[in-house]
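See below for input-v7.cif, which holds mmCIF, C-alpha atoms.
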```
data_protein
#
loop_
_atom_site.label_atom_id
_atom_site.label_comp_id
_atom_site.auth_asym_id
_atom_site.auth_seq_id
_atom_site.Cartn_x
_atom_site.Cartn_y
_atom_site.Cartn_z
CA GLU T 773 132.19 139.79 110.30
CA ASP T 774 128.70 141.13 110.99
CA GLN T 775 126.28 141.08 108.06
CA VAL T 776 122.87 142.66 107.66
CA THR T 777 120.53 142.04 104.71
CA GLN T 778 117.30 143.96 104.23
CA SER T 779 114.40 143.06 101.96
CA PRO T 780 112.72 144.14 99.87
CA GLU T 781 114.92 146.91 98.48
CA ALA T 782 111.83 148.94 97.63
CA LEU T 783 108.17 148.64 98.57
CA ARG T 784 105.18 150.55 97.29
CA LEU T 785 101.96 150.38 99.31
CA GLN T 786 98.58 151.96 99.05
CA GLU T 787 97.53 154.02 102.04
CA GLY T 788 96.09 151.64 104.62
CA GLU T 789 97.76 148.55 103.14
CA SER T 790 99.72 146.88 105.94
CA SER T 791 103.02 145.11 105.27
CA SER T 792 106.35 144.06 106.79
CA LEU T 793 109.99 144.84 106.14
CA ASN T 794 112.62 142.18 106.80
CA CYS T 795 116.11 142.43 108.28
CA SER T 796 118.23 139.26 108.37
CA TYR T 797 121.46 139.37 110.32
CA THR T 798 124.58 137.36 111.13
CA VAL T 799 126.59 138.50 114.14
CA SER T 800 128.87 137.04 116.78
CA GLY T 801 127.01 137.99 119.93
CA LEU T 802 124.15 140.40 119.28
CA ARG T 803 124.20 143.39 121.59
CA GLY T 804 121.34 145.22 119.90
CA LEU T 805 119.37 145.51 116.66
CA PHE T 806 118.40 149.01 115.64
CA TRP T 807 115.75 150.37 113.30
CA TYR T 808 116.01 153.86 111.83
CA ARG T 809 113.94 155.96 109.48
CA GLN T 810 115.80 158.18 107.00
CA ASP T 811 114.18 160.91 104.95
CA PRO T 812 115.97 162.22 101.84
CA GLY T 813 118.84 164.55 102.69
CA LYS T 814 118.60 163.92 106.44
CA GLY T 815 120.36 161.80 109.03
CA PRO T 816 118.81 158.57 110.31
CA GLU T 817 116.08 159.04 112.92
CA PHE T 818 116.16 156.48 115.72
CA LEU T 819 113.04 154.28 115.99
CA PHE T 820 113.73 151.17 118.07
CA THR T 821 116.39 149.03 119.69
CA LEU T 822 115.70 145.32 120.25
CA TYR T 823 118.01 143.32 122.49
CA SER T 824 116.81 139.71 122.67
CA ALA T 825 114.78 137.21 120.67
CA GLY T 826 111.07 137.49 121.33
CA GLU T 827 111.21 141.18 122.11
CA GLU T 828 108.68 143.52 120.49
CA LYS T 829 108.40 147.31 120.47
CA GLU T 830 105.72 149.59 119.07
CA LYS T 831 105.51 153.21 118.06
CA GLU T 832 102.37 154.54 116.41
CA ARG T 833 101.86 152.44 113.24
CA LEU T 834 105.20 150.67 113.56
CA LYS T 835 105.96 147.44 115.40
CA ALA T 836 109.39 145.82 115.48
CA THR T 837 109.99 142.17 116.37
CA LEU T 838 113.16 140.13 116.79
CA THR T 839 114.14 136.46 116.40
CA LYS T 840 117.59 134.90 116.58
CA LYS T 841 118.12 135.39 112.85
CA GLU T 842 115.94 138.27 111.73
CA SER T 843 113.84 141.25 112.62
CA PHE T 844 110.61 142.51 111.12
CA LEU T 845 109.27 146.02 110.98
CA HIS T 846 105.50 145.79 110.65
CA ILE T 847 103.66 148.81 109.31
CA THR T 848 99.94 148.86 110.05
CA ALA T 849 97.62 151.01 107.95
CA PRO T 850 100.45 153.19 106.61
CA LYS T 851 100.02 156.82 105.62
CA PRO T 852 101.89 158.78 102.94
CA GLU T 853 103.98 160.44 105.66
CA ASP T 854 105.44 157.02 106.48
CA SER T 855 107.25 157.13 103.14
CA ALA T 856 111.01 156.97 103.84
CA THR T 857 113.97 154.62 103.77
CA TYR T 858 114.00 152.26 106.75
CA LEU T 859 117.42 151.13 107.89
CA CYS T 860 118.31 148.16 110.07
CA ALA T 861 121.62 147.95 111.93
CA VAL T 862 123.28 145.60 114.42
CA GLN T 863 125.68 146.14 117.26
CA SER T 864 127.74 143.16 118.39
CA GLY T 865 130.18 142.05 121.03
CA SER T 866 131.87 144.87 122.92
CA ALA T 867 131.65 147.28 120.01
CA ARG T 868 129.41 150.33 120.01
CA GLN T 869 129.54 151.06 116.28
CA LEU T 870 126.75 149.82 114.01
CA THR T 871 126.74 147.66 110.90
CA PHE T 872 123.96 148.76 108.57
CA GLY T 873 121.85 147.02 105.97
CA SER T 874 121.20 148.62 102.62
CA GLY T 875 117.73 149.79 103.60
CA THR T 876 114.17 149.44 102.31
CA GLN T 877 112.74 152.40 100.46
CA LEU T 878 109.05 152.58 101.36
CA THR T 879 106.56 154.61 99.32
CA VAL T 880 102.99 154.93 100.54
CA LEU T 881 100.60 156.19 97.90
CA PRO T 882 97.49 158.19 98.85
CA SER V 1370 118.29 161.17 123.48
CA ALA V 1371 121.04 163.56 122.40
CA VAL V 1372 120.88 166.68 120.25
CA ILE V 1373 123.62 166.60 117.64
CA SER V 1374 124.60 169.59 115.54
CA GLN V 1375 126.67 169.13 112.41
CA LYS V 1376 128.25 171.92 110.38
CA PRO V 1377 128.20 172.62 107.52
CA SER V 1378 124.96 170.97 106.41
CA ARG V 1379 126.19 170.96 102.82
CA ASP V 1380 129.10 172.20 100.73
CA ILE V 1381 130.41 172.15 97.19
CA CYS V 1382 134.19 171.91 97.03
CA GLN V 1383 136.89 171.93 94.40
CA ARG V 1384 138.94 168.78 93.92
CA GLY V 1385 142.25 168.82 95.73
CA THR V 1386 140.95 170.94 98.62
CA SER V 1387 140.00 169.86 102.15
CA LEU V 1388 136.83 170.30 104.19
CA THR V 1389 136.45 170.05 107.96
CA ILE V 1390 133.09 168.94 109.35
CA GLN V 1391 132.15 169.72 112.94
CA CYS V 1392 129.96 167.68 115.28
CA GLN V 1393 128.71 169.18 118.55
CA VAL V 1394 126.62 167.25 121.10
CA ASP V 1395 124.46 168.85 123.79
CA SER V 1396 125.66 166.49 126.53
CA GLN V 1397 128.73 164.46 127.36
CA VAL V 1398 128.86 161.20 125.46
CA THR V 1399 131.48 158.50 125.55
CA MET V 1400 131.35 157.27 121.99
CA MET V 1401 131.45 159.34 118.83
CA PHE V 1402 131.56 157.87 115.35
CA TRP V 1403 131.85 159.12 111.79
CA TYR V 1404 129.95 157.41 108.98
CA ARG V 1405 129.84 157.91 105.22
CA GLN V 1406 126.77 157.38 103.06
CA GLN V 1407 127.54 157.35 99.36
CA PRO V 1408 124.75 158.18 96.92
CA GLY V 1409 122.04 155.53 96.98
CA GLN V 1410 123.89 153.39 99.50
CA SER V 1411 123.73 152.65 103.19
CA LEU V 1412 126.01 153.86 105.96
CA THR V 1413 129.62 152.76 106.30
CA LEU V 1414 131.66 153.42 109.42
CA ILE V 1415 134.78 155.52 108.81
CA ALA V 1416 136.20 155.65 112.32
CA THR V 1417 135.59 155.90 116.05
CA ALA V 1418 136.63 159.27 117.46
CA ASN V 1419 138.50 158.76 120.74
CA GLN V 1420 138.84 161.56 123.23
CA GLY V 1421 142.44 162.60 123.70
CA SER V 1422 143.92 159.94 121.44
CA GLU V 1423 144.08 158.92 117.81
CA ALA V 1424 140.88 157.77 116.15
CA THR V 1425 140.31 154.10 115.37
CA TYR V 1426 139.85 153.64 111.62
CA GLU V 1427 137.94 150.93 109.80
CA SER V 1428 139.41 148.95 106.96
CA GLY V 1429 139.69 151.08 103.84
CA PHE V 1430 139.92 154.40 105.68
CA VAL V 1431 143.20 156.07 106.69
CA ILE V 1432 144.16 158.96 108.91
CA ASP V 1433 145.91 160.91 106.15
CA LYS V 1434 142.69 161.06 104.14
CA PHE V 1435 140.23 161.44 107.03
CA PRO V 1436 141.96 163.06 110.02
CA ILE V 1437 139.71 163.19 113.07
CA SER V 1438 139.96 165.22 116.25
CA ARG V 1439 138.08 164.87 119.51
CA PRO V 1440 139.34 167.38 122.07
CA ASN V 1441 136.54 166.77 124.60
CA LEU V 1442 133.44 164.67 125.29
CA THR V 1443 131.04 166.87 123.31
CA PHE V 1444 132.92 167.84 120.13
CA SER V 1445 134.63 166.16 117.18
CA THR V 1446 135.78 167.10 113.69
CA LEU V 1447 136.27 165.07 110.53
CA THR V 1448 138.42 166.44 107.73
CA VAL V 1449 138.11 165.11 104.20
CA SER V 1450 141.52 165.80 102.67
CA ASN V 1451 142.67 166.23 99.08
CA MET V 1452 139.16 165.67 97.85
CA SER V 1453 138.15 163.98 94.61
CA PRO V 1454 134.68 163.51 93.08
CA GLU V 1455 134.59 160.01 94.62
CA ASP V 1456 134.42 161.67 98.05
CA SER V 1457 131.01 163.13 97.23
CA SER V 1458 128.81 161.64 99.97
CA ILE V 1459 126.83 162.42 103.07
CA TYR V 1460 129.03 162.38 106.16
CA LEU V 1461 127.29 161.63 109.44
CA CYS V 1462 128.27 161.98 113.07
CA SER V 1463 126.85 159.48 115.56
CA VAL V 1464 127.00 159.36 119.35
CA ALA V 1465 126.37 156.75 122.05
CA ARG V 1466 127.02 156.37 125.74
CA ARG V 1467 129.31 153.62 127.02
CA HIS V 1468 126.95 151.43 128.96
CA MET V 1469 124.78 148.45 128.27
CA ASN V 1470 121.93 148.71 125.81
CA THR V 1471 122.43 152.22 124.57
CA GLU V 1472 120.82 153.79 121.57
CA ALA V 1473 122.89 155.51 118.90
CA PHE V 1474 121.81 158.88 117.57
CA PHE V 1475 122.79 160.67 114.41
CA GLY V 1476 123.31 164.23 113.31
CA GLN V 1477 121.59 165.60 110.24
CA GLY V 1478 124.64 164.96 108.10
CA THR V 1479 126.87 166.99 105.81
CA ARG V 1480 126.16 166.64 102.10
CA LEU V 1481 129.47 167.05 100.28
CA THR V 1482 129.78 167.50 96.54
CA VAL V 1483 133.26 167.58 95.00
CA VAL V 1484 133.57 169.13 91.53
#
```
Would you encode the structure as structure tokens?
Amino acid sequence: EDQVTQSPEALRLQEGESSSLNCSYTVSGLRGLFWYRQDPGKGPEFLFTLYSAGEEKEKERLKATLTKKESFLHITAPKPEDSATYLCAVQSGSARQLTFGSGTQLTVLP
Amino acid sequence: SAVISQKPSRDICQRGTSLTIQCQVDSQVTMMFWYRQQPGQSLTLIATANQGSEATYESGFVIDKFPISRPNLTFSTLTVSNMSPEDSSIYLCSVARRHMNTEAFFGQGTRLTVV
């Protein structure tokens, strides 16, 4: 059974204070690891998909990396508008559905 | 990417009634999924909506409680039947295309409150 664990559960940063969110996973045959951003009352917004260890992807202040056991979402010089819940999910084997972690609630203070 | 429209965006329902949620996609997609997000929790897969055949349900979810239809490649419905307050959640439609390395996109969700 696929498992995804995200840490920390909540993170408060000052504007400009860089940090990283962690996503540890256990799957039988990783097909893809997904990062989403979710604002209150809205559906998850797709950010990245990573497919193999060593892969990195960037989008504005966000950078996602992947190893064989975990993924990191690095946030560089965050702004208050980056405040949201960040969700990690995995897709394994021949399946197309996703197994989600519990999320990290990020708050960036001005 | 895909543009996904879910209706209604929110509803307040009486216990014992049923609500049908619609999911419309702007292009043909192979895979459609329904997820539930209970208050303060992450997403849990309810079922995979299969075109022209019965949906595939995950453990803990049954067709009598969550009947699903998918008449074509761009539309699906999820019904929450005989509702109780424990069914109060956000229900989300997700789509993906059946080929290697495909992203999954979500609708805006339906916020359901059962009173």
Requested in this report: Pick out the residues sitting within 6 Å of stretch 1458-1467 of chain V, and hand them over as a ChimeraX atom specification; count only C-alpha atoms, and ignore anything fewer than 6 positions along from it in its own chain.
Outcome: /V:1398-1407,1473-1476,1478-1481
Margin query: At a cut-off of 6 Å around the point (123.8, 143.3, 120.0) (file coordinates), what residues fall inside when counting all atoms listed in the file? I'd like the answer as a ChimeraX atom specification.
Written below: /T:802-805,863-864
Explicit residue set for the PyMOL selection byres ((chain T) within 6 of (chain V)), as a PDB file with C-alpha atoms, in the frame of the given file:
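Full text of part-v9.pdb as output:
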```
ATOM      1  CA  LYS T 814     118.600 163.920 106.440  1.00  0.00           C
ATOM      2  CA  GLY T 815     120.360 161.800 109.030  1.00  0.00           C
ATOM      3  CA  SER T 874     121.200 148.620 102.620  1.00  0.00           C
TER       4      SER T 874
END
```
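Of the residues listed (T:Glu853, T:Glu830, T:Asp774, T:Glu781), T:Glu781 shows the shortest atom-to-atom separation from T:Asn794; distances use only C-alpha atoms.
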For the structure shown, which residues end up in the PyMOL selection byres ((chain V and resi 1439-1452) around 9)? Put them as a PDB file with C-alpha atoms, in the frame of the given file, please?
```
ATOM      1  CA  CYS V1382     134.190 171.910  97.030  1.00  0.00           C
ATOM      2  CA  GLN V1383     136.890 171.930  94.400  1.00  0.00           C
ATOM      3  CA  ARG V1384     138.940 168.780  93.920  1.00  0.00           C
ATOM      4  CA  GLY V1385     142.250 168.820  95.730  1.00  0.00           C
ATOM      5  CA  THR V1386     140.950 170.940  98.620  1.00  0.00           C
ATOM      6  CA  SER V1387     140.000 169.860 102.150  1.00  0.00           C
ATOM      7  CA  LEU V1388     136.830 170.300 104.190  1.00  0.00           C
ATOM      8  CA  THR V1389     136.450 170.050 107.960  1.00  0.00           C
ATOM      9  CA  ILE V1390     133.090 168.940 109.350  1.00  0.00           C
ATOM     10  CA  GLN V1391     132.150 169.720 112.940  1.00  0.00           C
ATOM     11  CA  CYS V1392     129.960 167.680 115.280  1.00  0.00           C
ATOM     12  CA  GLN V1393     128.710 169.180 118.550  1.00  0.00           C
ATOM     13  CA  VAL V1394     126.620 167.250 121.100  1.00  0.00           C
ATOM     14  CA  ASP V1395     124.460 168.850 123.790  1.00  0.00           C
ATOM     15  CA  SER V1396     125.660 166.490 126.530  1.00  0.00           C
ATOM     16  CA  GLN V1397     128.730 164.460 127.360  1.00  0.00           C
ATOM     17  CA  VAL V1398     128.860 161.200 125.460  1.00  0.00           C
ATOM     18  CA  THR V1399     131.480 158.500 125.550  1.00  0.00           C
ATOM     19  CA  MET V1400     131.350 157.270 121.990  1.00  0.00           C
ATOM     20  CA  MET V1401     131.450 159.340 118.830  1.00  0.00           C
ATOM     21  CA  TRP V1403     131.850 159.120 111.790  1.00  0.00           C
ATOM     22  CA  ALA V1418     136.630 159.270 117.460  1.00  0.00           C
ATOM     23  CA  ASN V1419     138.500 158.760 120.740  1.00  0.00           C
ATOM     24  CA  GLN V1420     138.840 161.560 123.230  1.00  0.00           C
ATOM     25  CA  GLY V1421     142.440 162.600 123.700  1.00  0.00           C
ATOM     26  CA  SER V1422     143.920 159.940 121.440  1.00  0.00           C
ATOM     27  CA  GLU V1423     144.080 158.920 117.810  1.00  0.00           C
ATOM     28  CA  ALA V1424     140.880 157.770 116.150  1.00  0.00           C
ATOM     29  CA  ASP V1433     145.910 160.910 106.150  1.00  0.00           C
ATOM     30  CA  LYS V1434     142.690 161.060 104.140  1.00  0.00           C
ATOM     31  CA  PHE V1435     140.230 161.440 107.030  1.00  0.00           C
ATOM     32  CA  PRO V1436     141.960 163.060 110.020  1.00  0.00           C
ATOM     33  CA  ILE V1437     139.710 163.190 113.070  1.00  0.00           C
ATOM     34  CA  SER V1438     139.960 165.220 116.250  1.00  0.00           C
ATOM     35  CA  SER V1453     138.150 163.980  94.610  1.00  0.00           C
ATOM     36  CA  PRO V1454     134.680 163.510  93.080  1.00  0.00           C
ATOM     37  CA  GLU V1455     134.590 160.010  94.620  1.00  0.00           C
ATOM     38  CA  ASP V1456     134.420 161.670  98.050  1.00  0.00           C
ATOM     39  CA  SER V1457     131.010 163.130  97.230  1.00  0.00           C
ATOM     40  CA  TYR V1460     129.030 162.380 106.160  1.00  0.00           C
ATOM     41  CA  CYS V1462     128.270 161.980 113.070  1.00  0.00           C
ATOM     42  CA  VAL V1483     133.260 167.580  95.000  1.00  0.00           C
TER      43      VAL V1483
END
```
Å distance separating atom CA of T:Gln810 from atom CA of V:Ile1381, one decimal place: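 About the pair atom CA of T:Gln810 and atom CA of V:Ile1381: they are 22.5 Å apart.
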When the PyMOL selection byres ((chain T and resi 841) around 9) is applied to the structure above, which residues does it catch, written out as a VMD selection string? chain T and resid 795 to 798 825 838 to 840 842 to 843
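The coordinates place atom CA of T:Ser791 at 13.2 Å from atom CA of T:Tyr858.
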The distance between atom CA of V:Gly1429 and atom CA of T:Thr857 is 26.0 Å
Calculate, to one decimal in Å, the centre and edge lengths of the box along x, y and z of the file that holds all listed atoms of stretch 783-795 of chain T with 8 Å of margin on each side, and present them as AutoDock Vina command-line options.
```
--center_x 106.1 --center_y 148.1 --center_z 102.8 --size_x 36.0 --size_y 27.8 --size_z 27.0
```
Original post:
Which of these residues is nearest to T:Arg833, using all atoms listed in the file: T:Ala849, T:Leu819, T:Leu785, T:Leu878?
Top reply: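 Counting all atoms listed in the file, the residue closest to T:Arg833 is T:Ala849.
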Next on the checklist: as a VMD selection string, please: the residues near T:Leu845 (cut-off 6 Å, only C-alpha atoms, same-chain neighbours under 5 positions excluded).
Outcome noted: chain T and resid 792 to 793 835 to 836
Between T:Asp811, T:Glu817, T:Glu773, T:Glu787, which is the closest to T:Val799 once you count all atoms listed in the file?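 The answer is T:Glu773, which sits nearest to T:Val799.
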